[in-house]
>>> print(open('my_file-v2.txt').read())   # compact mmCIF, C-alpha atoms
# COMPACT_ATOMS: atom_id res chain seq x y z
CA MET A 30 37.15 21.24 19.49
CA SER A 31 36.77 22.54 15.94
CA CYS A 32 33.22 22.51 14.55
CA GLU A 33 34.74 22.56 11.06
CA THR A 34 36.71 19.39 11.83
CA LYS A 35 33.62 17.66 13.23
CA GLU A 36 31.65 18.52 10.09
CA GLN A 37 34.47 17.24 7.89
CA ILE A 38 34.53 13.97 9.81
CA MET A 39 30.76 13.68 9.37
CA GLU A 40 30.96 14.27 5.62
CA VAL A 41 33.86 11.87 5.03
CA SER A 42 32.21 9.22 7.19
CA LEU A 43 28.95 9.45 5.25
CA GLU A 44 30.85 9.12 1.98
CA LEU A 45 32.39 5.87 3.24
CA PHE A 46 29.07 4.66 4.65
CA SER A 47 27.43 5.22 1.25
CA GLN A 48 30.16 3.20 -0.48
CA ASN A 49 30.82 0.36 1.96
CA GLY A 50 27.80 0.49 4.25
CA PHE A 51 27.68 1.62 7.87
CA LEU A 52 28.51 -1.85 9.16
CA GLY A 53 31.28 -2.24 6.61
CA THR A 54 33.09 0.93 7.65
CA SER A 55 35.30 1.10 10.74
CA MET A 56 36.64 4.02 12.74
CA SER A 57 40.05 3.04 11.38
CA ASP A 58 38.72 3.42 7.83
CA ILE A 59 37.41 6.88 8.66
CA ALA A 60 40.66 7.97 10.31
CA SER A 61 42.67 6.65 7.36
CA GLN A 62 40.52 8.51 4.85
CA LEU A 63 40.93 11.71 6.86
CA LYS A 64 44.66 11.07 7.26
CA ILE A 65 44.47 11.41 11.04
CA THR A 66 45.08 8.98 13.89
CA LYS A 67 42.25 7.01 15.49
CA GLY A 68 43.09 8.84 18.72
CA ALA A 69 42.47 12.18 17.03
CA LEU A 70 39.21 10.90 15.60
CA TYR A 71 38.00 9.69 19.00
CA LYS A 72 38.61 13.17 20.42
CA HIS A 73 35.81 14.43 18.18
CA TYR A 74 33.47 11.42 18.15
CA GLU A 75 33.53 8.66 20.72
CA SER A 76 32.04 6.08 18.34
CA LYS A 77 30.79 5.43 14.83
CA GLN A 78 27.25 5.55 16.22
CA LYS A 79 27.83 9.12 17.42
CA ILE A 80 28.89 10.08 13.91
CA LEU A 81 25.70 8.54 12.54
CA GLU A 82 23.64 10.46 15.09
CA ARG A 83 25.22 13.71 13.91
CA ILE A 84 24.49 12.78 10.28
CA ILE A 85 20.83 12.17 11.14
CA GLU A 86 20.71 15.45 13.06
CA HIS A 87 22.09 17.28 10.01
CA MET A 88 19.49 15.63 7.78
CA ALA A 89 16.76 16.95 10.10
CA GLU A 90 18.26 20.44 9.77
CA LEU A 91 18.18 20.17 5.97
CA ASP A 92 14.57 18.93 6.07
CA LEU A 93 13.46 21.90 8.15
CA GLU A 94 15.25 24.37 5.88
CA ARG A 95 13.55 22.92 2.80
CA ALA A 96 10.12 22.80 4.41
CA ASN A 97 10.45 26.44 5.40
CA GLU A 98 11.72 27.44 1.96
CA TYR A 99 8.70 25.90 0.23
CA GLU A 100 6.23 26.84 2.98
CA MET A 101 5.38 23.21 3.67
CA PRO A 102 4.62 21.73 7.10
CA ASP A 103 7.51 19.86 8.64
CA ALA A 104 6.17 16.44 9.60
CA LYS A 105 8.78 16.00 12.34
CA LEU A 106 7.98 19.28 14.06
CA ASP A 107 4.35 20.11 13.32
CA ASN A 108 1.66 17.44 13.27
CA SER A 109 -1.18 19.94 13.48
CA ALA A 110 -3.91 19.29 10.91
CA GLU A 111 -4.18 23.04 10.35
CA SER A 112 -0.66 23.12 8.95
CA TYR A 113 -1.82 20.96 6.02
CA THR A 114 -4.94 22.96 5.20
CA HIS A 115 -3.77 25.65 2.79
CA ILE A 116 -1.30 23.78 0.58
CA SER A 117 -1.80 24.56 -3.10
CA ALA A 118 -1.17 22.17 -5.98
CA GLU A 119 1.70 24.39 -7.11
CA LYS A 120 3.39 24.11 -3.72
CA ILE A 121 3.07 20.33 -3.88
CA ARG A 122 4.65 20.35 -7.34
CA GLU A 123 7.54 22.63 -6.37
CA TYR A 124 8.24 20.82 -3.12
CA SER A 125 8.12 17.36 -4.69
CA ILE A 126 10.63 18.33 -7.37
CA ALA A 127 12.85 19.95 -4.74
CA GLN A 128 12.67 16.76 -2.68
CA PHE A 129 13.72 14.66 -5.65
CA ARG A 130 16.67 16.97 -6.36
CA HIS A 131 17.56 16.86 -2.68
CA TRP A 132 17.78 13.06 -2.68
CA THR A 133 19.56 12.74 -6.03
CA GLU A 134 21.68 15.81 -6.77
CA GLU A 135 22.72 17.12 -3.35
CA LYS A 136 25.83 15.17 -2.37
CA PHE A 137 25.19 14.77 1.36
CA SER A 138 21.54 13.75 1.00
CA ALA A 139 22.22 11.45 -1.96
CA GLN A 140 24.92 9.66 0.03
CA PHE A 141 22.57 9.34 3.00
CA ARG A 142 19.94 7.75 0.75
CA LYS A 143 22.49 5.33 -0.69
CA MET A 144 23.66 4.36 2.78
CA LEU A 145 20.09 3.61 3.89
CA THR A 146 19.44 1.64 0.70
CA LEU A 147 22.53 -0.48 1.36
CA GLU A 148 21.84 -1.06 5.04
CA GLN A 149 18.05 -1.38 5.24
CA PHE A 150 18.16 -5.20 5.34
CA ARG A 151 21.12 -5.43 7.72
CA SER A 152 20.03 -3.22 10.58
CA LYS A 153 16.71 -2.56 12.28
CA GLU A 154 17.77 1.04 12.90
CA MET A 155 18.67 1.58 9.25
CA SER A 156 15.44 -0.07 8.13
CA GLY A 157 13.51 2.35 10.32
CA LEU A 158 15.40 5.32 8.90
CA TYR A 159 14.84 4.09 5.34
CA GLN A 160 11.11 3.80 5.97
CA ASN A 161 10.96 7.18 7.66
CA TYR A 162 12.87 9.09 4.99
CA LEU A 163 12.08 7.26 1.75
CA ALA A 164 9.07 4.96 2.02
CA ALA A 165 6.38 5.01 4.74
CA GLY A 166 7.30 8.52 5.94
CA PRO A 167 6.76 10.36 2.63
CA LEU A 168 3.64 8.28 1.97
CA GLU A 169 2.13 9.30 5.31
CA TYR A 170 3.11 12.93 4.73
CA MET A 171 1.30 13.00 1.38
CA THR A 172 -1.68 11.20 2.90
CA GLU A 173 -2.07 14.03 5.42
CA ILE A 174 -1.93 16.61 2.63
CA PHE A 175 -4.51 14.83 0.49
CA LYS A 176 -6.73 14.15 3.51
CA LYS A 177 -7.35 17.87 3.85
CA MET A 178 -8.32 18.00 0.17
CA THR A 179 -10.56 14.93 0.06
CA LYS A 180 -11.91 14.76 3.64
CA SER A 181 -11.43 10.99 3.38
CA LYS A 182 -8.51 9.02 4.86
CA PRO A 183 -8.93 5.98 2.52
CA LYS A 184 -9.15 8.23 -0.56
CA ALA A 185 -6.21 10.30 0.66
CA ARG A 186 -4.14 7.15 1.16
CA GLN A 187 -4.91 5.96 -2.35
CA LEU A 188 -3.98 9.34 -3.80
CA ALA A 189 -0.73 9.32 -1.84
CA LEU A 190 0.14 5.88 -3.24
CA GLU A 191 -0.69 6.99 -6.77
CA PHE A 192 1.36 10.16 -6.36
CA TYR A 193 4.40 8.91 -4.47
CA GLY A 194 4.68 5.39 -5.94
CA PRO A 195 6.07 6.53 -9.32
CA ILE A 196 8.40 9.01 -7.59
CA PHE A 197 9.79 6.20 -5.43
CA ILE A 198 10.42 4.12 -8.56
CA LEU A 199 12.12 7.06 -10.28
CA TYR A 200 14.81 7.10 -7.55
CA SER A 201 15.87 3.61 -8.64
CA ILE A 202 15.70 4.56 -12.31
CA TYR A 203 17.83 7.65 -11.63
CA ASP A 204 20.46 5.54 -9.87
CA GLY A 205 20.59 3.07 -12.76
CA VAL A 206 21.03 5.38 -15.74
CA SER A 207 24.16 7.07 -17.03
CA GLU A 208 24.85 10.74 -16.29
CA ASP A 209 23.70 11.87 -19.73
CA LYS A 210 20.29 10.27 -19.16
CA LYS A 211 19.59 11.55 -15.67
CA LYS A 212 17.92 14.70 -17.02
CA SER A 213 15.35 12.50 -18.72
CA VAL A 214 14.32 11.19 -15.29
CA PHE A 215 13.44 14.73 -14.25
CA VAL A 216 11.36 15.08 -17.42
CA GLN A 217 9.44 11.94 -16.39
CA LEU A 218 9.08 13.33 -12.86
CA GLU A 219 7.70 16.66 -14.07
CA LYS A 220 5.28 14.90 -16.42
CA HIS A 221 4.01 12.58 -13.70
CA ILE A 222 3.41 15.41 -11.22
CA LYS A 223 1.77 17.62 -13.87
CA ASN A 224 -0.59 14.84 -15.01
CA PHE A 225 -1.43 13.86 -11.44
CA ILE A 226 -2.27 17.41 -10.36
CA GLU A 227 -4.30 18.08 -13.50
CA GLN A 228 -6.38 14.95 -12.88
CA LEU A 229 -6.78 15.78 -9.20
CA GLU A 230 -7.97 19.31 -9.94
CA LYS A 231 -10.33 18.03 -12.63
CA GLU A 232 -11.92 15.61 -10.17
CA ARG A 233 -12.26 18.33 -7.54
CA ALA A 234 -13.88 20.71 -10.06
CA GLU A 235 -16.44 18.08 -11.04
CA LYS A 236 -17.64 17.62 -7.44
>>> encode(input="my_file-v2.txt", output="structure tokens")
Amino acid sequence: MSCETKEQIMEVSLELFSQNGFLGTSMSDIASQLKITKGALYKHYESKQKILERIIEHMAELDLERANEYEMPDAKLDNSAESYTHISAEKIREYSIAQFRHWTEEKFSAQFRKMLTLEQFRSKEMSGLYQNYLAAGPLEYMTEIFKKMTKSKPKARQLALEFYGPIFILYSIYDGVSEDKKKSVFVQLEKHIKNFIEQLEKERAEK
């Protein structure tokens, strides 16, 4: 069994899922797009669900790579409070921008996000994935980071909402503007993060 073929099937499947939804795409659609028979497709993946599981597995691999690259704790692998202790404001800035680029400019991740956005109201599993990757998950992650800075869970939660809320909105804005205006979204992102960190550091200095 060719690993290259399995990866190609995964990528083509995700492209279809992001366009037509997971529920709206059949194994026949995938085979047709790949120009292979359904029998050949089933030799690599026994079901559409198995393809989705491989897509999710690949997303976890990408998450770990990015967390390591920016020296950030990986929420899925390390829940130790110590791992959140020595995170600088600059690391938060760099990682947050990298995350936004990951979800908007990197083809595989952007398609995954679009699939979850399409399917979140149709499937309990997809709703859970959407929350984990794009809503409650990132909010909880930032809460843990700010909790080490503030020593207060309620304050940390409020900071996480104030920080991540505008970023969450910017995903929708990014999706709705033309290609020539997408750079302006990154300008808004940079400005938001810069202003937030400056205010946070000012408050910490005053204490």
>>> residues_around(input="my_file-v2.txt", residues="Lys211 in chain A", least_positions_apart="2", cutoff="12 Å", atoms="only C-alpha atoms", output="list in words")
Arg130, Thr133, Glu134, Leu199, Tyr200, Ser201, Ile202, Tyr203, Asp204, Gly205, Val206, Ser207, Glu208, Asp209, Ser213, Val214, Phe215, Val216, Gln217 and Leu218 of chain A
>>> write_last_selection(input="my_file-v2.txt", atoms="C-alpha atoms", output="PDB file, in the frame of the given file")
ATOM      1  CA  ARG A 130      16.670  16.970  -6.360  1.00  0.00           C
ATOM      2  CA  THR A 133      19.560  12.740  -6.030  1.00  0.00           C
ATOM      3  CA  GLU A 134      21.680  15.810  -6.770  1.00  0.00           C
ATOM      4  CA  LEU A 199      12.120   7.060 -10.280  1.00  0.00           C
ATOM      5  CA  TYR A 200      14.810   7.100  -7.550  1.00  0.00           C
ATOM      6  CA  SER A 201      15.870   3.610  -8.640  1.00  0.00           C
ATOM      7  CA  ILE A 202      15.700   4.560 -12.310  1.00  0.00           C
ATOM      8  CA  TYR A 203      17.830   7.650 -11.630  1.00  0.00           C
ATOM      9  CA  ASP A 204      20.460   5.540  -9.870  1.00  0.00           C
ATOM     10  CA  GLY A 205      20.590   3.070 -12.760  1.00  0.00           C
ATOM     11  CA  VAL A 206      21.030   5.380 -15.740  1.00  0.00           C
ATOM     12  CA  SER A 207      24.160   7.070 -17.030  1.00  0.00           C
ATOM     13  CA  GLU A 208      24.850  10.740 -16.290  1.00  0.00           C
ATOM     14  CA  ASP A 209      23.700  11.870 -19.730  1.00  0.00           C
ATOM     15  CA  SER A 213      15.350  12.500 -18.720  1.00  0.00           C
ATOM     16  CA  VAL A 214      14.320  11.190 -15.290  1.00  0.00           C
ATOM     17  CA  PHE A 215      13.440  14.730 -14.250  1.00  0.00           C
ATOM     18  CA  VAL A 216      11.360  15.080 -17.420  1.00  0.00           C
ATOM     19  CA  GLN A 217       9.440  11.940 -16.390  1.00  0.00           C
ATOM     20  CA  LEU A 218       9.080  13.330 -12.860  1.00  0.00           C
TER      21      LEU A 218
END
>>> closest_residue(input="my_file-v2.txt", among="A:Lys77, A:Lys35, A:Arg122, A:Lys220", to="Ser55 in chain A", atoms="only C-alpha atoms")
A:Lys77
>>> closest_residue(input="my_file-v2.txt", among="A:Leu168, A:Ala60, A:Met88, A:Leu70", to="Lys136 in chain A", atoms="only C-alpha atoms")
A:Met88
>>> closest_atom_pairs(input="my_file-v2.txt", of="range 151-183 of chain A", to="range 36-53 of chain A", cutoff="12 Å", atoms="all atoms listed in the file", output="tab-separated table")
residue	atom	partner	partner_atom	distance
A:Arg151	CA	A:Leu52	CA	8.3
A:Ser152	CA	A:Leu52	CA	8.7
A:Glu154	CA	A:Phe51	CA	11.1
A:Met155	CA	A:Phe51	CA	9.1
>>> closest_residue(input="my_file-v2.txt", among="A:Met101, A:Leu158, A:Ile85, A:Ala185", to="Ile116 in chain A", atoms="all atoms listed in the file")
A:Met101
>>> residues_around(input="my_file-v2.txt", residues="Met171 in chain A", least_positions_apart="4", cutoff="7 Å", atoms="only C-alpha atoms", output="list of chain:residue names")
A:Pro167, A:Phe175, A:Ala189
>>> atom_distance(input="my_file-v2.txt", atom1="CA of Ser125 in chain A", atom2="CA of Lys143 in chain A")
19.2 Å
>>> closest_residue(input="my_file-v2.txt", among="A:Gln62, A:Gln128, A:Asn161, A:Ser117", to="Leu229 in chain A", atoms="all atoms listed in the file")
A:Ser117
>>> residues_around(input="my_file-v2.txt", residues="Lys67 in chain A", least_positions_apart="6", cutoff="10 Å", atoms="all atoms listed in the file", output="tab-separated table (two decimals) with C-alpha atoms, in the frame of the given file")
chain	number	residue	atom	x	y	z
A	56	MET	CA	36.64	4.02	12.74
A	57	SER	CA	40.05	3.04	11.38
A	58	ASP	CA	38.72	3.42	7.83
A	59	ILE	CA	37.41	6.88	8.66
A	60	ALA	CA	40.66	7.97	10.31
A	61	SER	CA	42.67	6.65	7.36
>>> atom_distance(input="my_file-v2.txt", atom1="CA of Lys182 in chain A", atom2="CA of Asn97 in chain A")
25.8 Å
>>> residues_around(input="my_file-v2.txt", residues="Glu227 in chain A", least_positions_apart="6", cutoff="10 Å", atoms="all atoms listed in the file", output="ChimeraX atom specification")
/A:118,221,233
